[in-house]
>>> print(open('data-v8.csv').read())   # CSV, C-alpha atoms and all ligand atoms
chain,number,residue,atom,x,y,z
A,1,MET,CA,3.6,16.9,18.3
A,2,GLN,CA,5.7,17.3,21.3
A,3,GLY,CA,8.7,15.2,22.1
A,4,GLY,CA,8.9,12.5,19.4
A,5,ARG,CA,10.8,13.8,16.5
A,6,PRO,CA,9.6,11.9,13.4
A,7,ILE,CA,12.1,9.8,11.7
A,8,ILE,CA,12.8,11.3,8.3
A,9,GLY,CA,15.7,10.4,6.3
A,10,THR,CA,17.0,10.8,2.8
A,11,CYS,CA,14.2,9.4,0.8
A,12,PRO,CA,13.9,9.1,-2.9
A,13,ALA,CA,11.6,11.8,-4.3
A,14,LYS,CA,8.8,9.3,-5.0
A,15,PHE,CA,8.3,8.6,-1.3
A,16,ILE,CA,6.1,10.7,0.9
A,17,CYS,CA,8.5,11.4,3.7
A,18,ARG,CA,7.0,13.9,6.1
A,19,SER,CA,6.7,14.8,9.7
A,20,SER,CA,3.9,13.0,11.4
A,21,GLY,CA,1.0,15.0,12.7
A,22,PRO,CA,-2.4,15.6,11.4
A,23,TYR,CA,-1.8,18.6,9.3
A,24,GLY,CA,1.5,18.1,7.6
A,25,ALA,CA,2.3,20.0,4.5
A,26,SER,CA,2.6,17.1,2.2
A,27,PRO,CA,0.2,16.7,-0.7
A,28,ARG,CA,-2.8,14.5,-0.1
A,29,SER,CA,-2.2,11.1,-1.6
A,30,GLY,CA,-5.5,9.4,-0.8
A,31,ARG,CA,-7.6,8.0,-3.5
A,32,ILE,CA,-9.7,10.6,-5.2
A,33,LEU,CA,-13.2,9.6,-5.9
A,34,SER,CA,-15.3,11.1,-8.6
A,35,PRO,CA,-18.9,12.0,-7.9
A,36,MET,CA,-19.9,8.6,-9.2
A,37,GLY,CA,-17.6,7.0,-6.7
A,38,ILE,CA,-15.3,5.7,-9.4
A,39,LYS,CA,-11.6,6.0,-8.8
A,40,SER,CA,-10.6,8.8,-11.1
A,41,GLU,CA,-7.0,8.9,-10.1
A,42,ARG,CA,-4.7,6.1,-9.1
A,43,THR,CA,-2.1,6.9,-6.4
A,44,ALA,CA,0.4,4.7,-4.9
A,45,PRO,CA,-1.0,2.7,-1.9
A,46,ARG,CA,0.2,4.3,1.3
A,47,VAL,CA,2.1,2.2,3.8
A,48,LEU,CA,2.7,3.4,7.3
A,49,ILE,CA,6.0,2.1,8.7
A,50,VAL,CA,6.0,2.1,12.5
A,51,GLU,CA,9.6,1.5,13.4
A,52,ASP,CA,11.9,3.2,15.9
A,53,ASP,CA,15.1,1.9,14.1
A,54,ARG,CA,15.6,4.6,11.5
A,55,ASP,CA,18.0,2.5,9.4
A,56,ILE,CA,15.6,-0.4,9.1
A,57,ALA,CA,12.6,2.0,8.4
A,58,GLU,CA,14.4,3.7,5.6
A,59,LEU,CA,15.6,0.5,4.1
A,60,VAL,CA,12.1,-0.9,4.1
A,61,ALA,CA,10.7,2.4,2.6
A,62,ALA,CA,13.3,2.1,-0.2
A,63,TYR,CA,12.2,-1.4,-1.1
A,64,LEU,CA,8.5,-0.5,-0.9
A,65,GLY,CA,9.3,2.4,-3.2
A,66,ARG,CA,10.7,0.0,-5.8
A,67,GLU,CA,7.4,-1.9,-5.6
A,68,GLY,CA,5.5,1.4,-6.4
A,69,LEU,CA,4.3,1.9,-2.8
A,70,SER,CA,4.6,5.2,-0.9
A,71,ALA,CA,5.9,5.0,2.6
A,72,VAL,CA,5.4,7.2,5.7
A,73,ILE,CA,7.7,6.5,8.6
A,74,VAL,CA,6.9,7.2,12.3
A,75,GLY,CA,9.0,6.1,15.2
A,76,SER,CA,6.4,5.4,18.0
A,77,ALA,CA,2.9,4.2,18.6
A,78,GLU,CA,1.8,7.6,19.7
A,79,GLU,CA,2.9,9.2,16.4
A,80,ALA,CA,1.3,6.4,14.5
A,81,ILE,CA,-2.1,7.0,16.2
A,82,ILE,CA,-2.0,10.6,15.1
A,83,GLU,CA,-0.9,9.8,11.6
A,84,CYS,CA,-3.6,7.1,11.2
A,85,ALA,CA,-6.3,9.5,12.4
A,86,ALA,CA,-5.2,12.1,9.9
A,87,ARG,CA,-4.6,9.9,6.9
A,88,PRO,CA,-5.5,6.2,7.4
A,89,PRO,CA,-2.9,4.0,5.7
A,90,GLU,CA,-3.8,1.2,3.4
A,91,LEU,CA,-1.2,-1.0,5.1
A,92,LEU,CA,0.6,-0.9,8.4
A,93,LEU,CA,4.0,-2.4,9.0
A,94,LEU,CA,4.3,-2.6,12.7
A,95,ASP,CA,7.4,-3.1,14.9
A,96,LEU,CA,6.4,-4.5,18.3
A,97,GLY,CA,9.3,-3.1,20.4
A,98,LEU,CA,8.7,0.6,20.4
A,99,PRO,CA,9.5,3.4,22.8
A,100,GLY,CA,6.4,4.3,24.8
A,101,ALA,CA,3.3,2.3,24.0
A,102,ASP,CA,3.8,-1.2,22.7
A,103,GLY,CA,3.2,-2.3,19.1
A,104,LEU,CA,0.4,-4.6,20.2
A,105,ASP,CA,-1.3,-1.8,22.0
A,106,LEU,CA,-1.2,0.2,18.8
A,107,LEU,CA,-2.5,-2.8,16.8
A,108,ARG,CA,-5.5,-3.1,19.2
A,109,LYS,CA,-6.3,0.6,18.8
A,110,PHE,CA,-5.7,0.5,15.0
A,111,ARG,CA,-8.2,-2.3,14.6
A,112,GLU,CA,-10.9,-0.2,16.3
A,113,SER,CA,-11.1,1.9,13.2
A,114,SER,CA,-9.4,0.2,10.3
A,115,THR,CA,-9.6,-3.1,8.5
A,116,ALA,CA,-6.4,-2.4,6.5
A,117,PRO,CA,-3.9,-5.2,6.5
A,118,VAL,CA,-1.2,-5.2,9.2
A,119,ILE,CA,2.1,-7.0,9.0
A,120,ILE,CA,4.0,-7.3,12.2
A,121,VAL,CA,7.7,-6.9,11.7
A,122,SER,CA,9.4,-7.8,14.9
A,123,ALA,CA,12.5,-9.2,16.6
A,124,ARG,CA,10.2,-11.0,19.1
A,125,GLU,CA,10.0,-14.4,17.7
A,126,SER,CA,8.1,-16.1,20.5
A,127,ASP,CA,5.0,-17.9,19.5
A,128,GLU,CA,3.0,-16.0,22.1
A,129,ASP,CA,3.8,-12.7,20.3
A,130,LYS,CA,2.8,-14.2,17.0
A,131,ILE,CA,-0.5,-15.5,18.4
A,132,ALA,CA,-1.2,-12.3,20.2
A,133,GLY,CA,-0.6,-10.3,17.1
A,134,LEU,CA,-2.6,-12.5,14.8
A,135,GLY,CA,-5.4,-12.7,17.5
A,136,LEU,CA,-5.5,-8.9,17.5
A,137,GLY,CA,-6.0,-8.8,13.8
A,138,ALA,CA,-2.6,-8.8,12.3
A,139,ASP,CA,-2.5,-10.4,8.8
A,140,ASP,CA,1.1,-11.5,8.7
A,141,PHE,CA,4.2,-11.8,10.8
A,142,VAL,CA,7.8,-11.2,9.7
A,143,SER,CA,10.6,-12.0,12.1
A,144,LYS,CA,13.7,-9.8,12.2
A,145,PRO,CA,16.2,-10.1,10.7
A,146,PHE,CA,14.3,-10.2,7.5
A,147,SER,CA,14.8,-9.7,3.8
A,148,PRO,CA,13.4,-6.3,2.9
A,149,LYS,CA,12.7,-7.6,-0.6
A,150,VAL,CA,10.5,-10.4,0.8
A,151,LEU,CA,8.8,-8.0,3.2
A,152,ALA,CA,8.0,-5.7,0.2
A,153,ALA,CA,6.6,-8.6,-1.7
A,154,ARG,CA,4.4,-9.6,1.3
A,155,ALA,CA,3.3,-6.0,1.7
A,156,LYS,CA,2.1,-6.1,-2.0
A,157,ALA,CA,0.4,-9.4,-1.5
A,158,GLN,CA,-1.6,-8.0,1.5
A,159,LEU,CA,-2.5,-4.9,-0.5
A,160,ARG,CA,-3.7,-7.1,-3.4
A,161,ARG,CA,-5.9,-9.1,-1.1
A,162,ALA,CA,-7.3,-6.0,0.5
A,163,ALA,CA,-8.0,-4.3,-2.9
A,164,TYR,CA,-9.8,-7.3,-4.3
A,165,GLY,CA,-11.9,-7.5,-1.1
A,166,ALA,CA,-12.7,-3.7,-1.1
A,167,GLY,CA,-13.4,-3.7,-4.9
A,168,ALA,CA,-15.9,-6.5,-4.6
A,169,SER,CA,-17.7,-5.2,-1.6
A,170,ALA,CA,-17.7,-1.6,-2.8
A,171,SER,CA,-19.6,-2.6,-5.9
A,172,GLY,CA,-22.0,-4.7,-3.9
A,173,ALA,CA,-21.4,-7.1,-6.8
A,174,ARG,CA,-23.0,-10.5,-7.2
A,175,LEU,CA,-21.9,-12.9,-9.8
A,176,ILE,CA,-24.3,-15.5,-11.2
A,177,PHE,CA,-23.0,-18.7,-12.7
A,178,GLY,CA,-25.2,-21.7,-13.4
A,179,PRO,CA,-27.5,-22.1,-10.4
A,180,TYR,CA,-25.2,-20.1,-8.1
A,181,VAL,CA,-25.1,-16.6,-6.9
A,182,LEU,CA,-21.8,-15.4,-5.5
A,183,ASP,CA,-22.4,-12.5,-3.1
A,184,PHE,CA,-19.1,-10.7,-2.7
A,185,GLU,CA,-20.4,-8.3,-0.1
A,186,GLY,CA,-22.2,-10.9,2.0
A,187,LYS,CA,-19.2,-13.2,1.5
A,188,LEU,CA,-21.4,-16.1,0.7
A,189,LEU,CA,-22.5,-18.4,-2.1
A,190,GLU,CA,-26.1,-19.4,-2.7
A,191,ARG,CA,-27.8,-22.0,-4.7
A,192,GLY,CA,-31.6,-21.9,-5.0
A,193,GLY,CA,-31.7,-19.5,-2.1
A,194,SER,CA,-29.7,-21.7,0.2
A,195,ARG,CA,-26.3,-21.0,1.4
A,196,VAL,CA,-23.5,-23.3,0.1
A,197,PRO,CA,-21.3,-23.9,3.1
A,198,LEU,CA,-17.8,-22.6,2.2
A,199,SER,CA,-15.0,-22.0,4.6
A,200,ARG,CA,-13.6,-18.5,4.6
A,201,ARG,CA,-10.6,-19.5,2.5
A,202,GLU,CA,-12.7,-21.5,0.1
A,203,PHE,CA,-15.0,-18.5,-0.4
A,204,GLU,CA,-12.0,-16.2,-0.9
A,205,LEU,CA,-10.4,-18.5,-3.4
A,206,LEU,CA,-13.6,-18.8,-5.4
A,207,ALA,CA,-14.3,-15.1,-5.1
A,208,PHE,CA,-10.8,-14.2,-6.2
A,209,LEU,CA,-10.9,-16.4,-9.3
A,210,ALA,CA,-14.5,-15.4,-10.1
A,211,SER,CA,-13.7,-11.7,-9.8
A,212,ASN,CA,-10.8,-12.3,-12.2
A,213,GLU,CA,-12.9,-14.4,-14.6
A,214,GLY,CA,-11.0,-15.9,-17.5
A,215,ARG,CA,-7.6,-15.2,-16.1
A,216,THR,CA,-5.4,-18.1,-15.2
A,217,PHE,CA,-3.5,-18.0,-11.9
A,218,GLY,CA,-0.7,-20.3,-10.8
A,219,PRO,CA,-0.7,-21.8,-7.3
A,220,GLU,CA,2.0,-19.3,-6.2
A,221,GLU,CA,-0.1,-16.4,-7.3
A,222,LEU,CA,-3.2,-17.8,-5.7
A,223,TYR,CA,-1.3,-18.4,-2.5
A,224,ARG,CA,-0.1,-14.8,-2.4
A,225,ALA,CA,-3.5,-13.4,-3.4
A,226,VAL,CA,-5.8,-15.5,-1.2
A,227,TRP,CA,-3.6,-16.5,1.7
A,228,GLY,CA,-1.6,-13.3,1.6
A,229,LEU,CA,1.6,-15.2,2.2
A,230,GLU,CA,4.7,-15.3,0.1
A,231,HIS,CA,6.0,-18.7,1.1
A,232,GLY,CA,4.3,-21.8,2.4
A,233,ASP,CA,2.8,-25.1,1.4
A,234,LEU,CA,1.5,-24.5,-2.1
A,235,SER,CA,-0.4,-27.8,-2.0
A,236,THR,CA,-2.9,-26.0,0.2
A,237,VAL,CA,-4.1,-24.3,-3.0
A,238,ALA,CA,-4.9,-27.5,-4.8
A,239,VAL,CA,-6.5,-28.9,-1.7
A,240,HIS,CA,-8.8,-25.9,-1.5
A,241,VAL,CA,-9.6,-26.0,-5.2
A,242,GLN,CA,-10.7,-29.6,-4.7
A,243,ARG,CA,-12.8,-28.7,-1.7
A,244,VAL,CA,-14.6,-25.9,-3.6
A,245,ARG,CA,-15.2,-28.2,-6.6
A,246,ARG,CA,-16.7,-30.8,-4.4
A,247,LYS,CA,-19.2,-28.2,-3.2
A,248,ILE,CA,-20.1,-26.6,-6.5
A,249,GLU,CA,-19.3,-29.0,-9.4
A,250,ASP,CA,-21.6,-31.8,-10.3
A,251,GLU,CA,-18.7,-33.7,-11.8
A,252,GLY,CA,-15.4,-33.1,-10.0
A,253,ALA,CA,-13.5,-34.9,-12.8
A,254,ARG,CA,-14.8,-32.5,-15.4
A,255,PRO,CA,-15.3,-29.1,-13.7
A,256,ARG,CA,-17.4,-26.6,-15.4
A,257,TRP,CA,-16.4,-23.5,-13.5
A,258,LEU,CA,-13.1,-24.0,-11.6
A,259,VAL,CA,-11.0,-25.2,-14.4
A,260,THR,CA,-7.5,-26.5,-14.3
A,261,ILE,CA,-5.2,-25.2,-17.0
A,262,PRO,CA,-2.5,-27.9,-17.2
A,263,GLY,CA,1.0,-26.5,-16.4
A,264,ALA,CA,-0.4,-23.1,-15.6
A,265,GLY,CA,-2.9,-23.2,-12.8
A,266,TYR,CA,-6.6,-22.5,-12.3
A,267,ARG,CA,-9.2,-20.3,-13.9
A,268,PHE,CA,-12.8,-19.5,-13.3
A,269,LYS,CA,-15.1,-19.4,-16.3
A,270,ARG,CA,-18.7,-19.1,-16.9
A,271,GLU,CA,-20.1,-21.3,-19.6
A,272,ASP,CA,-22.0,-18.5,-21.1
A,273,ARG,CA,-18.9,-16.5,-21.7
B,1,CA,CA,12.1,-1.6,17.8
>>> encode(input="data-v8.csv", output="C-alpha cells")
Amino acid sequence: MQGGRPIIGTCPAKFICRSSGPYGASPRSGRILSPMGIKSERTAPRVLIVEDDRDIAELVAAYLGREGLSAVIVGSAEEAIIECAARPPELLLLDLGLPGADGLDLLRKFRESSTAPVIIVSARESDEDKIAGLGLGADDFVSKPFSPKVLAARAKAQLRRAAYGAGASASGARLIFGPYVLDFEGKLLERGGSRVPLSRREFELLAFLASNEGRTFGPEELYRAVWGLEHGDLSTVAVHVQRVRRKIEDEGARPRWLVTIPGAGYRFKREDR
C-alpha cells in the first residue's frame, strides 16, 4: 500500500511480523478445517495490534507472544482495514488516536464484518470515549499507561470467551439436563417448550459452566471467562450464580445442577453423569 509503512520491528521468531497488505508473503496462520469441519490443526490465535507508537506495539506483541498468541502490527486504521479484509484477526487491540482515520471509525467499520473481540487501548480516558467505544461494540477498554502483562491477560480472556461462544454455536449444540434444554446457538434455555428468562450474563454463565461440565471454576476464572474482565467485583459471580439457581433449581439450598464446591468455586453437573 502506498504511504503508510507498516511498523515492523525486531520480533521473536514465533510472531508473525509482516507488512500489511492483502497478499503478504507470510504463511497462512488461519485455522485449517478438515472436510468434516473439525479443527485439524491448532494455530496461535491472531491478534491485530492497531497502534502508531511502534515501541508500545512491539512491547504488547512481545507479551502476547509469551501468552502463545501471534501478533500482527499495523500503524493506521487504513492499514488495519486492508489487513482485516485479507486475514480477519481473532482479536483486535485498538488504539484510538491514530494518524488518519480515527480508531472509533475503524471500530465501526470492523464491526460491519466481524464479531471478534475488540479491546480499546487508549490514552483517552474520558468516559465519553469509553462509552462510545463500548457502544460501537468494543468488549473492553484499557487506559494508557497500562501494564502489558495485564493487557495480554485480558486479551486471552476475550479470546477464551469468543472461542467458547464460537464452539458452542458452530456445533449447534443443545444440552439437555433434567427438564431443561440449553440451546447454545439460540442462546436460550427452555423448559417444556417455554423459554426460561435469563439475562445475557446469566445465560453466558450457565452456558460456560454447562459446556465445561464437571469442571470446577473459581470466581476469578468465571469472571475472566464470562465477563471477559481481569479485575473487578468478584461478588458479581456469586450474585449471578444465585440468580441462575433461582430460575432453574427447585431447591436453591440444595442445587442439583449449579453446584458449589466449597473453597474452589462452581461446577455444572448433570445427575445422569
Ligand atoms: Ca496513538
>>> residues_around(input="data-v8.csv", residues="stretch 148-153 of chain A", least_positions_apart="5", cutoff="9 Å", atoms="all atoms listed in the file", output="CSV table (one decimal) with C-alpha atoms, in the frame of the given file")
chain,number,residue,atom,x,y,z
A,56,ILE,CA,15.6,-0.4,9.1
A,59,LEU,CA,15.6,0.5,4.1
A,60,VAL,CA,12.1,-0.9,4.1
A,61,ALA,CA,10.7,2.4,2.6
A,62,ALA,CA,13.3,2.1,-0.2
A,63,TYR,CA,12.2,-1.4,-1.1
A,64,LEU,CA,8.5,-0.5,-0.9
A,65,GLY,CA,9.3,2.4,-3.2
A,66,ARG,CA,10.7,0.0,-5.8
A,67,GLU,CA,7.4,-1.9,-5.6
A,69,LEU,CA,4.3,1.9,-2.8
A,119,ILE,CA,2.1,-7.0,9.0
A,121,VAL,CA,7.7,-6.9,11.7
A,142,VAL,CA,7.8,-11.2,9.7
A,158,GLN,CA,-1.6,-8.0,1.5
A,230,GLU,CA,4.7,-15.3,0.1
>>> residues_near_ligand(input="data-v8.csv", ligand="ligand CA 1 (chain B)", cutoff="6 Å", atoms="all atoms listed in the file", output="PyMOL selection string")
chain A and resi 51-53+95+97-98
>>> atom_distance(input="data-v8.csv", atom1="atom CA of A:Phe184", atom2="atom CA of A:Ala225")
15.8 Å
>>> atom_distance(input="data-v8.csv", atom1="atom CA of A:Tyr266", atom2="atom CA of A:Val118")
28.1 Å
>>> closest_residue(input="data-v8.csv", among="A:Thr115, A:Ser235, A:Thr260, A:Gln242", to="A:Leu136", atoms="all atoms listed in the file")
A:Thr115
>>> atom_distance(input="data-v8.csv", atom1="atom CA of A:Tyr180", atom2="atom CA of A:Val241")
16.9 Å
>>> residues_around(input="data-v8.csv", residues="A:Arg246", least_positions_apart="2", cutoff="12 Å", atoms="all atoms listed in the file", output="ChimeraX atom specification")
/A:196-198,202,239-244,248-258
>>> residues_near_point(input="data-v8.csv", point="(0.2, -12.1, 20.3)", cutoff="12 Å", atoms="only C-alpha atoms", output="list in words")
Leu96, Asp102, Gly103, Leu104, Asp105, Leu107, Arg108, Ile120, Ser122, Arg124, Glu125, Ser126, Asp127, Glu128, Asp129, Lys130, Ile131, Ala132, Gly133, Leu134, Gly135, Leu136, Gly137, Ala138, Asp139, Asp140 and Phe141 of chain A
